Amino acid sequence: MRKVSVFGATGSIGQNTIDLISRAPSEYDVVALTGGANIQKLADDARRLGADIAVTAHEDRLDDLRSALAGSGVESAAGPGAIVEAAARPADWTMSAIVGSAGLAPGIEALKQGTTLALANKETLVCAGSLVLETAKQHGARLLPVDSEHSAVFQALVGEDVETVERMIITASGGAFRDWPLSELVNATVEQASSHPNWDMGQRITIDSASMFNKALEVIETKEYFGVEPDQIEVLVHPESIVHALVGYRDGAMMAHMGAPDMRHAIGYSLHWPERRDLPIQRLDLAQLGQLRFNEPDLARYPALKLARDVMERGGLAGAVFNAAKERALDHFIARRIGFLDMADAVAAVLDRFDASDSLIDAPMTLDNVQQTDHLARQWVDDTVVERAG
């Protein structure tokens, strides 16, 4: 039996992971499940899968978790520190699906145990790519991409030499506002931004899709994971979400990865790698699809993509600044303190402050520095929001 852990078990990626694991329970020994405020779901899954430990990120919900697990034999714990401690428990395969920069520390801790880390948390590489890759190398751990785009690139590279790659194209649905007139985006509401045309995801990721901050993070992640130059990475808006990525080679050939918009494919590929196994996923009927559309993204509609290019040019801790600023700007939008378009403006302002901070620009890539930079960037966003409101 393979020992597995799922971090972010109550989110959409975590639930899809649990769906696949629960289809072959005799193959897996579940070590740890972690989640957020959905205590009952976390406890139910921990009981059903016979997990060693269940951990909620919310320290004030520990008593609730203990009550929900009473008599099950499953350990319980709470708080960010407890999640990192759970990551230190040996596992053969660990799903990193905690949303946001909160996934960085447990991901690094899991790598230190030599695990295979299935990385659905794109912020891990955006914030600390060089640190994460070096940690994996030092401890003989393996990183496997779970974002649908990066899993697609990974699969298109099988049997190929990355040195022969000319371009990597990742696709984007365009989100909730891809067909809106630009003039109306200033009035876009939280509810409108929270409705995705193709994927079933959590609110924050869905809004990030509408702003394409999600894709901006994925552009940076592509550079970090595959070691290609920024000018080799392209983004296309693909409304059908059938082609997840394409890799172009020096002889003019292009390899495209296609599949139904179902995250269980990328999760299952990582879970079973290097094998391919049967997965409960809809098969494509190309004749029924009829056509697939691709368009250049409008940078006036999606300024986050331009900001991602700026971040890659800066390097160092700029990724940590960018991600933290994006997360905090999203907090303000959800709280209705700023508008939809104000998120990109706030992130741009914070990156400008980063440029003026010599101590941050020259700081080495360590976990402490990334976490301190994250905290500072969030405060800068708060400052920016207050200043502009005044």
# chains A, B, ... in the order shown; residues from 1 in each chain; ligands from 1
call {"tool": "select_by_dssp", "arguments": {"residues": "stretch 22-144 of chain A", "states": "helix (DSSP H, G or I)", "output": "ChimeraX atom specification"}}
result
/A:22,25-27,39-49,59-69,80-87,101-112,123-138
call {"tool": "closest_atom_pairs", "arguments": {"of": "stretch 120-151 of chain A", "to": "stretch 208-228 of chain A", "cutoff": "7 Å", "atoms": "only C-alpha atoms", "output": "CSV"}}
result
residue,atom,partner,partner_atom,distance
A:Lys122,CA,A:Glu221,CA,6.4
A:Leu125,CA,A:Glu221,CA,5.7
A:Val126,CA,A:Glu221,CA,5.6
A:Gly129,CA,A:Glu224,CA,5.7
A:His150,CA,A:Thr222,CA,6.9
call {"tool": "closest_atom_pairs", "arguments": {"of": "stretch 47-156 of chain A", "to": "stretch 307-329 of chain A", "cutoff": "12 Å", "atoms": "only C-alpha atoms", "output": "CSV"}}
result
residue,atom,partner,partner_atom,distance
A:Val99,CA,A:Glu327,CA,10.0
A:Gly100,CA,A:Glu327,CA,7.3
A:Ser101,CA,A:Ala324,CA,7.4
A:Ala102,CA,A:Ala324,CA,10.4
A:Leu104,CA,A:Ala320,CA,10.6
A:Asn121,CA,A:Asn323,CA,11.9
A:Lys122,CA,A:Asn323,CA,9.9
A:Glu123,CA,A:Asn323,CA,6.9
A:Thr124,CA,A:Ala320,CA,9.2
A:Leu125,CA,A:Gly319,CA,8.6
A:Val126,CA,A:Gly319,CA,5.2
A:Cys127,CA,A:Ala320,CA,4.0
A:Ala128,CA,A:Ala320,CA,7.0
A:Gly129,CA,A:Gly319,CA,8.7
A:Ser130,CA,A:Gly316,CA,8.9
A:Leu131,CA,A:Gly316,CA,10.5
call {"tool": "residues_around", "arguments": {"residues": "stretch 185-198 of chain A", "least_positions_apart": "6", "cutoff": "12 Å", "atoms": "only C-alpha atoms", "output": "compact mmCIF listing (two decimals) with N, CA, C and O atoms, in the first residue's frame"}}
result
# COMPACT_ATOMS: atom_id res chain seq x y z
N ALA A 172 -6.25 29.39 -21.69
CA ALA A 172 -7.09 29.99 -20.66
C ALA A 172 -8.51 30.05 -21.18
O ALA A 172 -8.74 30.35 -22.36
N SER A 173 -9.47 29.79 -20.33
CA SER A 173 -10.87 29.86 -20.74
C SER A 173 -11.29 31.29 -21.03
O SER A 173 -12.19 31.53 -21.83
N GLY A 174 -10.63 32.24 -20.37
CA GLY A 174 -11.05 33.63 -20.46
C GLY A 174 -11.93 34.06 -19.31
O GLY A 174 -12.17 35.25 -19.11
N GLY A 175 -12.43 33.09 -18.55
CA GLY A 175 -13.18 33.42 -17.35
C GLY A 175 -14.55 34.01 -17.62
O GLY A 175 -15.05 34.05 -18.75
N ALA A 176 -15.13 34.50 -16.55
CA ALA A 176 -16.52 34.96 -16.60
C ALA A 176 -16.73 36.17 -17.50
O ALA A 176 -17.84 36.38 -18.01
N PHE A 177 -15.69 36.96 -17.73
CA PHE A 177 -15.86 38.23 -18.43
C PHE A 177 -15.21 38.25 -19.82
O PHE A 177 -14.99 39.32 -20.38
N ARG A 178 -14.95 37.08 -20.39
CA ARG A 178 -14.22 37.06 -21.66
C ARG A 178 -15.00 37.74 -22.79
O ARG A 178 -14.41 38.23 -23.75
N ASP A 179 -16.34 37.77 -22.70
CA ASP A 179 -17.16 38.36 -23.76
C ASP A 179 -17.79 39.68 -23.36
O ASP A 179 -18.60 40.25 -24.11
N ARG A 204 -12.37 31.82 -4.91
CA ARG A 204 -11.16 32.60 -5.14
C ARG A 204 -10.50 32.24 -6.47
O ARG A 204 -10.09 33.14 -7.23
N ILE A 205 -10.41 30.97 -6.76
CA ILE A 205 -9.79 30.56 -8.03
C ILE A 205 -10.66 31.00 -9.21
O ILE A 205 -10.13 31.40 -10.26
N THR A 206 -11.97 30.96 -9.05
CA THR A 206 -12.87 31.38 -10.13
C THR A 206 -12.71 32.87 -10.42
O THR A 206 -12.68 33.29 -11.59
N ILE A 207 -12.60 33.69 -9.38
CA ILE A 207 -12.38 35.13 -9.60
C ILE A 207 -11.01 35.36 -10.22
O ILE A 207 -10.85 36.19 -11.12
N ASP A 208 -10.01 34.61 -9.77
CA ASP A 208 -8.67 34.72 -10.37
C ASP A 208 -8.69 34.35 -11.85
O ASP A 208 -7.89 34.85 -12.64
N SER A 209 -9.60 33.45 -12.22
CA SER A 209 -9.75 33.10 -13.63
C SER A 209 -10.36 34.26 -14.41
O SER A 209 -9.95 34.55 -15.53
N ALA A 210 -11.33 34.93 -13.81
CA ALA A 210 -11.98 36.07 -14.47
C ALA A 210 -11.00 37.21 -14.71
O ALA A 210 -11.03 37.88 -15.74
N SER A 211 -10.10 37.45 -13.75
CA SER A 211 -9.09 38.49 -13.87
C SER A 211 -7.85 38.01 -14.62
O SER A 211 -7.02 38.80 -15.03
N MET A 212 -7.73 36.72 -14.78
CA MET A 212 -6.60 35.99 -15.33
C MET A 212 -5.34 36.13 -14.47
O MET A 212 -4.23 35.87 -14.94
N HIS A 238 -8.85 30.07 -24.99
CA HIS A 238 -9.45 28.90 -25.65
C HIS A 238 -10.78 28.61 -24.94
O HIS A 238 -10.81 27.92 -23.91
N PRO A 239 -11.88 29.16 -25.43
CA PRO A 239 -13.15 29.10 -24.69
C PRO A 239 -13.64 27.70 -24.36
O PRO A 239 -14.31 27.49 -23.36
N GLU A 240 -13.30 26.71 -25.19
CA GLU A 240 -13.82 25.36 -24.96
C GLU A 240 -13.10 24.61 -23.85
O GLU A 240 -13.61 23.61 -23.34
N SER A 241 -11.91 25.04 -23.47
CA SER A 241 -11.12 24.38 -22.41
C SER A 241 -10.91 22.90 -22.70
O SER A 241 -10.97 22.05 -21.80
N ILE A 242 -10.64 22.56 -23.94
CA ILE A 242 -10.38 21.18 -24.35
C ILE A 242 -8.88 20.94 -24.55
O ILE A 242 -8.35 19.92 -24.12
N ALA A 260 -11.36 16.41 -21.64
CA ALA A 260 -12.50 17.09 -21.04
C ALA A 260 -12.04 17.93 -19.85
O ALA A 260 -11.04 17.60 -19.20
N PRO A 261 -12.73 19.04 -19.57
CA PRO A 261 -12.35 19.88 -18.43
C PRO A 261 -12.69 19.21 -17.10
O PRO A 261 -13.70 19.51 -16.47
N ASP A 262 -11.84 18.28 -16.69
CA ASP A 262 -12.04 17.48 -15.48
C ASP A 262 -10.69 17.33 -14.81
O ASP A 262 -9.77 16.71 -15.35
N MET A 263 -10.55 17.90 -13.61
CA MET A 263 -9.25 17.90 -12.94
C MET A 263 -8.79 16.50 -12.54
O MET A 263 -7.62 16.30 -12.20
N ALA A 300 -5.45 44.66 -22.28
CA ALA A 300 -6.26 45.70 -21.62
C ALA A 300 -7.33 45.05 -20.75
O ALA A 300 -7.71 45.58 -19.71
N ARG A 301 -7.83 43.89 -21.18
CA ARG A 301 -8.82 43.15 -20.40
C ARG A 301 -8.17 42.34 -19.29
O ARG A 301 -8.75 42.13 -18.22
N TYR A 302 -6.94 41.87 -19.56
CA TYR A 302 -6.23 41.00 -18.61
C TYR A 302 -4.84 41.57 -18.29
O TYR A 302 -3.82 40.99 -18.69
N LEU A 330 -7.43 40.51 -3.80
CA LEU A 330 -8.64 39.69 -3.95
C LEU A 330 -9.48 39.75 -2.67
O LEU A 330 -10.72 39.81 -2.73
N ASP A 331 -8.84 39.71 -1.52
CA ASP A 331 -9.57 39.86 -0.25
C ASP A 331 -10.39 41.15 -0.25
O ASP A 331 -11.57 41.15 0.14
N HIS A 332 -9.76 42.24 -0.69
CA HIS A 332 -10.44 43.54 -0.70
C HIS A 332 -11.59 43.55 -1.70
O HIS A 332 -12.63 44.17 -1.44
N PHE A 333 -11.42 42.89 -2.86
CA PHE A 333 -12.50 42.84 -3.84
C PHE A 333 -13.68 42.04 -3.29
O PHE A 333 -14.83 42.48 -3.39
N ILE A 334 -13.40 40.89 -2.71
CA ILE A 334 -14.48 40.06 -2.16
C ILE A 334 -15.22 40.80 -1.05
O ILE A 334 -16.44 40.67 -0.89
N ALA A 335 -14.47 41.62 -0.29
CA ALA A 335 -15.08 42.41 0.79
C ALA A 335 -15.74 43.67 0.25
O ALA A 335 -16.28 44.47 1.04
N ARG A 336 -15.67 43.88 -1.07
CA ARG A 336 -16.31 45.01 -1.75
C ARG A 336 -15.71 46.36 -1.35
O ARG A 336 -16.39 47.39 -1.37
N ARG A 337 -14.42 46.34 -0.99
CA ARG A 337 -13.73 47.59 -0.70
C ARG A 337 -13.10 48.20 -1.94
O ARG A 337 -12.81 49.39 -1.96
N ILE A 338 -12.84 47.38 -2.97
CA ILE A 338 -12.31 47.86 -4.23
C ILE A 338 -13.07 47.18 -5.38
O ILE A 338 -13.76 46.19 -5.18
N GLY A 339 -12.92 47.75 -6.58
CA GLY A 339 -13.58 47.19 -7.75
C GLY A 339 -12.75 46.11 -8.41
O GLY A 339 -11.58 45.88 -8.07
N PHE A 340 -13.35 45.47 -9.42
CA PHE A 340 -12.68 44.37 -10.11
C PHE A 340 -11.38 44.81 -10.76
O PHE A 340 -10.34 44.15 -10.62
N LEU A 341 -11.38 45.93 -11.45
CA LEU A 341 -10.18 46.41 -12.13
C LEU A 341 -9.14 46.97 -11.17
O LEU A 341 -7.96 47.06 -11.51
N ASP A 342 -9.59 47.33 -9.97
CA ASP A 342 -8.65 47.90 -8.98
C ASP A 342 -7.65 46.87 -8.48
O ASP A 342 -6.59 47.24 -7.95
N MET A 343 -7.97 45.57 -8.62
CA MET A 343 -7.04 44.55 -8.14
C MET A 343 -5.70 44.64 -8.87
O MET A 343 -4.63 44.63 -8.24
N ALA A 344 -5.72 44.71 -10.19
CA ALA A 344 -4.48 44.79 -10.96
C ALA A 344 -3.74 46.08 -10.66
O ALA A 344 -2.50 46.10 -10.57
call {"tool": "residues_around", "arguments": {"residues": "A:Glu59", "least_positions_apart": "5", "cutoff": "12 Å", "atoms": "only C-alpha atoms", "output": "PyMOL selection string"}}
result
chain A and resi 35-37+39+64-66+76-83
call {"tool": "closest_residue", "arguments": {"among": "A:Ala54, A:Val385, A:Ile18, A:Val247", "to": "A:Val162", "atoms": "only C-alpha atoms"}}
result
A:Val247
call {"tool": "residues_around", "arguments": {"residues": "A:Gln15", "least_positions_apart": "2", "cutoff": "10 Å", "atoms": "only C-alpha atoms", "output": "JSON list (two decimals) with all heavy atoms, in the first residue's frame"}}
result
[["chain", "number", "residue", "atom", "x", "y", "z"],
["A", 6, "VAL", "N", -3.19, 14.23, 1.74],
["A", 6, "VAL", "CA", -3.87, 15.22, 0.91],
["A", 6, "VAL", "C", -3.97, 16.51, 1.71],
["A", 6, "VAL", "O", -4.69, 16.58, 2.72],
["A", 6, "VAL", "CB", -5.27, 14.75, 0.49],
["A", 6, "VAL", "CG1", -5.93, 15.80, -0.42],
["A", 6, "VAL", "CG2", -5.19, 13.40, -0.23],
["A", 8, "GLY", "N", -5.24, 20.28, 1.79],
["A", 8, "GLY", "CA", -6.31, 20.97, 1.09],
["A", 8, "GLY", "C", -7.39, 19.99, 0.68],
["A", 8, "GLY", "O", -7.98, 20.08, -0.40],
["A", 9, "ALA", "N", -7.70, 19.04, 1.56],
["A", 9, "ALA", "CA", -8.57, 17.93, 1.23],
["A", 9, "ALA", "C", -10.02, 18.33, 1.01],
["A", 9, "ALA", "O", -10.76, 17.63, 0.31],
["A", 9, "ALA", "CB", -8.50, 16.86, 2.33],
["A", 10, "THR", "N", -10.45, 19.45, 1.58],
["A", 10, "THR", "CA", -11.86, 19.82, 1.48],
["A", 10, "THR", "C", -12.14, 20.74, 0.30],
["A", 10, "THR", "O", -13.31, 21.05, 0.04],
["A", 10, "THR", "CB", -12.34, 20.50, 2.78],
["A", 10, "THR", "OG1", -11.48, 21.62, 3.08],
["A", 10, "THR", "CG2", -12.30, 19.52, 3.94],
["A", 11, "GLY", "N", -11.12, 21.17, -0.43],
["A", 11, "GLY", "CA", -11.32, 21.98, -1.62],
["A", 11, "GLY", "C", -11.62, 21.12, -2.84],
["A", 11, "GLY", "O", -11.67, 19.89, -2.76],
["A", 12, "SER", "N", -11.78, 21.78, -3.99],
["A", 12, "SER", "CA", -12.19, 21.04, -5.19],
["A", 12, "SER", "C", -11.12, 20.05, -5.63],
["A", 12, "SER", "O", -11.43, 18.90, -6.00],
["A", 12, "SER", "CB", -12.51, 22.01, -6.32],
["A", 12, "SER", "OG", -11.39, 22.81, -6.67],
["A", 13, "ILE", "N", -9.84, 20.44, -5.61],
["A", 13, "ILE", "CA", -8.77, 19.51, -5.99],
["A", 13, "ILE", "C", -8.68, 18.38, -4.97],
["A", 13, "ILE", "O", -8.55, 17.20, -5.33],
["A", 13, "ILE", "CB", -7.42, 20.24, -6.09],
["A", 13, "ILE", "CG1", -7.46, 21.30, -7.18],
["A", 13, "ILE", "CG2", -6.29, 19.24, -6.36],
["A", 13, "ILE", "CD1", -7.62, 20.75, -8.57],
["A", 17, "THR", "N", -9.22, 14.40, -5.61],
["A", 17, "THR", "CA", -8.18, 13.46, -5.23],
["A", 17, "THR", "C", -8.75, 12.33, -4.38],
["A", 17, "THR", "O", -8.47, 11.14, -4.61],
["A", 17, "THR", "CB", -7.05, 14.17, -4.47],
["A", 17, "THR", "OG1", -6.53, 15.25, -5.26],
["A", 17, "THR", "CG2", -5.92, 13.20, -4.13],
["A", 18, "ILE", "N", -9.55, 12.70, -3.40],
["A", 18, "ILE", "CA", -10.17, 11.71, -2.53],
["A", 18, "ILE", "C", -11.11, 10.80, -3.32],
["A", 18, "ILE", "O", -11.19, 9.59, -3.05],
["A", 18, "ILE", "CB", -10.91, 12.42, -1.37],
["A", 18, "ILE", "CG1", -9.86, 12.99, -0.38],
["A", 18, "ILE", "CG2", -11.87, 11.48, -0.66],
["A", 18, "ILE", "CD1", -10.44, 13.87, 0.69],
["A", 19, "ASP", "N", -11.78, 11.35, -4.31],
["A", 19, "ASP", "CA", -12.64, 10.54, -5.16],
["A", 19, "ASP", "C", -11.84, 9.42, -5.81],
["A", 19, "ASP", "O", -12.28, 8.25, -5.83],
["A", 19, "ASP", "CB", -13.30, 11.41, -6.23],
["A", 19, "ASP", "CG", -14.07, 10.59, -7.25],
["A", 19, "ASP", "OD1", -15.11, 10.03, -6.90],
["A", 19, "ASP", "OD2", -13.61, 10.49, -8.41],
["A", 20, "LEU", "N", -10.66, 9.74, -6.34],
["A", 20, "LEU", "CA", -9.85, 8.72, -7.01],
["A", 20, "LEU", "C", -9.27, 7.72, -6.01],
["A", 20, "LEU", "O", -9.25, 6.51, -6.27],
["A", 20, "LEU", "CB", -8.72, 9.39, -7.80],
["A", 20, "LEU", "CG", -9.16, 10.26, -8.99],
["A", 20, "LEU", "CD1", -7.94, 10.84, -9.69],
["A", 20, "LEU", "CD2", -10.00, 9.46, -9.97],
["A", 21, "ILE", "N", -8.81, 8.21, -4.87],
["A", 21, "ILE", "CA", -8.25, 7.31, -3.86],
["A", 21, "ILE", "C", -9.31, 6.35, -3.34],
["A", 21, "ILE", "O", -9.07, 5.15, -3.16],
["A", 21, "ILE", "CB", -7.65, 8.13, -2.69],
["A", 21, "ILE", "CG1", -6.39, 8.87, -3.15],
["A", 21, "ILE", "CG2", -7.33, 7.24, -1.50],
["A", 21, "ILE", "CD1", -5.86, 9.86, -2.13],
["A", 41, "LYS", "N", -16.87, 17.85, 6.71],
["A", 41, "LYS", "CA", -16.36, 17.17, 5.52],
["A", 41, "LYS", "C", -14.98, 16.58, 5.80],
["A", 41, "LYS", "O", -14.69, 15.43, 5.42],
["A", 41, "LYS", "CB", -16.29, 18.15, 4.35],
["A", 41, "LYS", "CG", -15.56, 17.61, 3.10],
["A", 41, "LYS", "CD", -16.21, 16.37, 2.54],
["A", 41, "LYS", "CE", -17.54, 16.63, 1.93],
["A", 41, "LYS", "NZ", -18.11, 15.40, 1.30],
["A", 42, "LEU", "N", -14.12, 17.34, 6.45],
["A", 42, "LEU", "CA", -12.79, 16.85, 6.78],
["A", 42, "LEU", "C", -12.88, 15.61, 7.66],
["A", 42, "LEU", "O", -12.19, 14.60, 7.42],
["A", 42, "LEU", "CB", -11.99, 17.96, 7.49],
["A", 42, "LEU", "CG", -10.59, 17.61, 7.97],
["A", 42, "LEU", "CD1", -9.69, 17.21, 6.82],
["A", 42, "LEU", "CD2", -9.98, 18.79, 8.75],
["A", 45, "ASP", "N", -14.36, 12.47, 5.74],
["A", 45, "ASP", "CA", -13.38, 11.85, 4.84],
["A", 45, "ASP", "C", -12.28, 11.14, 5.61],
["A", 45, "ASP", "O", -11.82, 10.07, 5.21],
["A", 45, "ASP", "CB", -12.78, 12.90, 3.90],
["A", 45, "ASP", "CG", -13.75, 13.35, 2.82],
["A", 45, "ASP", "OD1", -14.68, 12.59, 2.51],
["A", 45, "ASP", "OD2", -13.58, 14.46, 2.28],
["A", 97, "ALA", "N", -2.64, 20.88, -2.30],
["A", 97, "ALA", "CA", -3.77, 21.59, -2.89],
["A", 97, "ALA", "C", -4.31, 22.68, -1.98],
["A", 97, "ALA", "O", -5.44, 23.14, -2.15],
["A", 97, "ALA", "CB", -4.88, 20.60, -3.22],
["A", 264, "ARG", "N", -9.68, 15.53, -12.58],
["A", 264, "ARG", "CA", -9.27, 14.18, -12.19],
["A", 264, "ARG", "C", -8.26, 13.59, -13.18],
["A", 264, "ARG", "O", -7.54, 12.65, -12.83],
["A", 264, "ARG", "CB", -10.49, 13.28, -12.04],
["A", 264, "ARG", "CG", -11.34, 13.60, -10.81],
["A", 264, "ARG", "CD", -12.55, 12.70, -10.73],
["A", 264, "ARG", "NE", -13.44, 12.89, -11.88],
["A", 264, "ARG", "CZ", -14.56, 12.21, -12.07],
["A", 264, "ARG", "NH1", -14.93, 11.30, -11.18],
["A", 264, "ARG", "NH2", -15.31, 12.43, -13.13]]
call {"tool": "closest_residue", "arguments": {"among": "A:Asp147, A:Glu109, A:Glu387, A:Glu27", "to": "A:Ala266", "atoms": "only C-alpha atoms"}}
result
A:Asp147
call {"tool": "closest_residue", "arguments": {"among": "A:Gln138, A:Met95, A:Asn38, A:Arg23", "to": "A:Pro280", "atoms": "only C-alpha atoms"}}
result
A:Arg23
call {"tool": "closest_residue", "arguments": {"among": "A:Val347, A:Ala91, A:Ser67, A:Ala46", "to": "A:Met1", "atoms": "only C-alpha atoms"}}
result
A:Ala91
call {"tool": "atom_distance", "arguments": {"atom1": "atom CA of A:Glu160", "atom2": "atom CA of A:Val4"}}
result
29.6 Å
call {"tool": "residues_around", "arguments": {"residues": "A:Gly107", "least_positions_apart": "6", "cutoff": "8 Å", "atoms": "only C-alpha atoms", "output": "MDAnalysis selection string"}}
result
chainID A and resid 87 96 117 124
call {"tool": "write_last_selection", "arguments": {"atoms": "N, CA and C atoms", "output": "JSON list (two decimals), in the first residue's frame"}}
result
[["chain", "number", "residue", "atom", "x", "y", "z"],
["A", 87, "ALA", "N", 2.86, 17.43, 7.48],
["A", 87, "ALA", "CA", 3.64, 17.24, 6.25],
["A", 87, "ALA", "C", 4.95, 16.52, 6.52],
["A", 96, "SER", "N", -0.50, 18.55, -2.81],
["A", 96, "SER", "CA", -0.41, 19.91, -2.29],
["A", 96, "SER", "C", -1.49, 20.75, -2.96],
["A", 117, "LEU", "N", 5.71, 15.01, -4.56],
["A", 117, "LEU", "CA", 4.77, 16.08, -4.26],
["A", 117, "LEU", "C", 3.98, 16.40, -5.52],
["A", 124, "THR", "N", 3.39, 27.87, -4.72],
["A", 124, "THR", "CA", 4.64, 27.32, -4.20],
["A", 124, "THR", "C", 5.81, 27.67, -5.11]]
call {"tool": "closest_residue", "arguments": {"among": "A:Ala349, A:Ile281, A:Leu299, A:Ala304", "to": "A:Ile267", "atoms": "only C-alpha atoms"}}
result
A:Ile281
call {"tool": "closest_residue", "arguments": {"among": "A:His257, A:Glu234, A:His272, A:Phe354", "to": "A:Asp374", "atoms": "only C-alpha atoms"}}
result
A:Phe354
call {"tool": "residues_around", "arguments": {"residues": "A:Leu49", "least_positions_apart": "4", "cutoff": "10 Å", "atoms": "only C-alpha atoms", "output": "ChimeraX atom specification"}}
result
/A:18,21-22,25,28-31,33,43-45
call {"tool": "select_by_dssp", "arguments": {"residues": "stretch 130-326 of chain A", "states": "strand (DSSP E or B)", "output": "PDB file with C-alpha atoms, in the first residue's frame"}}
result
ATOM      1  CA  ARG A 142       9.981  14.558  -6.980  1.00  0.00           C
ATOM      2  CA  LEU A 143       7.650  17.335  -8.097  1.00  0.00           C
ATOM      3  CA  LEU A 144       4.778  16.395 -10.417  1.00  0.00           C
ATOM      4  CA  PRO A 145       2.537  19.162 -11.806  1.00  0.00           C
ATOM      5  CA  VAL A 165      11.407  23.077 -27.359  1.00  0.00           C
ATOM      6  CA  GLU A 166      10.751  26.433 -29.008  1.00  0.00           C
ATOM      7  CA  ARG A 167       7.547  27.416 -27.242  1.00  0.00           C
ATOM      8  CA  MET A 168       5.082  26.363 -24.593  1.00  0.00           C
ATOM      9  CA  ILE A 169       1.494  27.516 -25.005  1.00  0.00           C
ATOM     10  CA  ILE A 170      -0.871  27.354 -22.055  1.00  0.00           C
ATOM     11  CA  THR A 171      -4.547  27.980 -22.615  1.00  0.00           C
ATOM     12  CA  ALA A 172      -7.093  29.988 -20.660  1.00  0.00           C
ATOM     13  CA  ILE A 233       5.837  30.957 -22.888  1.00  0.00           C
ATOM     14  CA  GLU A 234       2.600  32.000 -24.586  1.00  0.00           C
ATOM     15  CA  VAL A 235      -1.030  32.253 -23.499  1.00  0.00           C
ATOM     16  CA  LEU A 236      -4.058  31.706 -25.735  1.00  0.00           C
ATOM     17  CA  VAL A 237      -7.708  32.166 -24.824  1.00  0.00           C
ATOM     18  CA  VAL A 243      -6.745  21.807 -25.352  1.00  0.00           C
ATOM     19  CA  HIS A 244      -4.942  22.417 -22.071  1.00  0.00           C
ATOM     20  CA  ALA A 245      -1.477  23.160 -23.445  1.00  0.00           C
ATOM     21  CA  LEU A 246       0.684  22.807 -26.542  1.00  0.00           C
ATOM     22  CA  VAL A 247       4.424  22.354 -26.891  1.00  0.00           C
ATOM     23  CA  GLY A 248       6.129  23.523 -30.075  1.00  0.00           C
ATOM     24  CA  TYR A 249       9.454  21.993 -31.157  1.00  0.00           C
ATOM     25  CA  MET A 254       3.408  20.869 -32.036  1.00  0.00           C
ATOM     26  CA  MET A 255       2.166  18.401 -29.439  1.00  0.00           C
ATOM     27  CA  ALA A 256      -1.220  19.250 -27.943  1.00  0.00           C
ATOM     28  CA  HIS A 257      -2.775  17.710 -24.860  1.00  0.00           C
ATOM     29  CA  MET A 258      -6.566  17.472 -25.092  1.00  0.00           C
ATOM     30  CA  ASN A 295      -7.514  33.921 -29.536  1.00  0.00           C
TER      31      ASN A 295
END
call {"tool": "decode", "arguments": {"residues": "stretch 279-291 of chain A", "atoms": "N, CA and C atoms", "output": "CSV table (one decimal), in the first residue's frame"}}
result
chain,number,residue,atom,x,y,z
A,279,LEU,N,-9.5,6.1,-15.9
A,279,LEU,CA,-10.0,7.1,-15.1
A,279,LEU,C,-11.5,7.4,-15.4
A,280,PRO,N,-12.3,7.7,-14.5
A,280,PRO,CA,-13.7,7.9,-14.7
A,280,PRO,C,-14.0,9.3,-15.4
A,281,ILE,N,-13.4,9.5,-16.6
A,281,ILE,CA,-13.5,10.8,-17.2
A,281,ILE,C,-14.2,10.7,-18.5
A,282,GLN,N,-15.0,11.7,-18.9
A,282,GLN,CA,-15.7,11.7,-20.1
A,282,GLN,C,-14.7,11.7,-21.3
A,283,ARG,N,-15.0,10.9,-22.3
A,283,ARG,CA,-14.2,10.8,-23.5
A,283,ARG,C,-14.6,11.8,-24.5
A,284,LEU,N,-13.7,12.4,-25.2
A,284,LEU,CA,-14.0,13.5,-26.2
A,284,LEU,C,-14.7,12.9,-27.4
A,285,ASP,N,-15.7,13.6,-27.9
A,285,ASP,CA,-16.3,13.3,-29.2
A,285,ASP,C,-16.0,14.5,-30.1
A,286,LEU,N,-14.9,14.5,-30.9
A,286,LEU,CA,-14.4,15.6,-31.7
A,286,LEU,C,-15.4,16.0,-32.7
A,287,ALA,N,-16.2,15.1,-33.3
A,287,ALA,CA,-17.2,15.4,-34.3
A,287,ALA,C,-18.3,16.3,-33.6
A,288,GLN,N,-18.6,15.9,-32.4
A,288,GLN,CA,-19.7,16.7,-31.7
A,288,GLN,C,-19.2,18.1,-31.3
A,289,LEU,N,-17.9,18.2,-31.0
A,289,LEU,CA,-17.3,19.5,-30.6
A,289,LEU,C,-17.3,20.4,-31.9
A,290,GLY,N,-17.0,19.8,-33.0
A,290,GLY,CA,-17.0,20.6,-34.2
A,290,GLY,C,-15.9,21.5,-34.5
A,291,GLN,N,-15.6,22.4,-33.5
A,291,GLN,CA,-14.5,23.4,-33.7
A,291,GLN,C,-13.9,23.8,-32.3
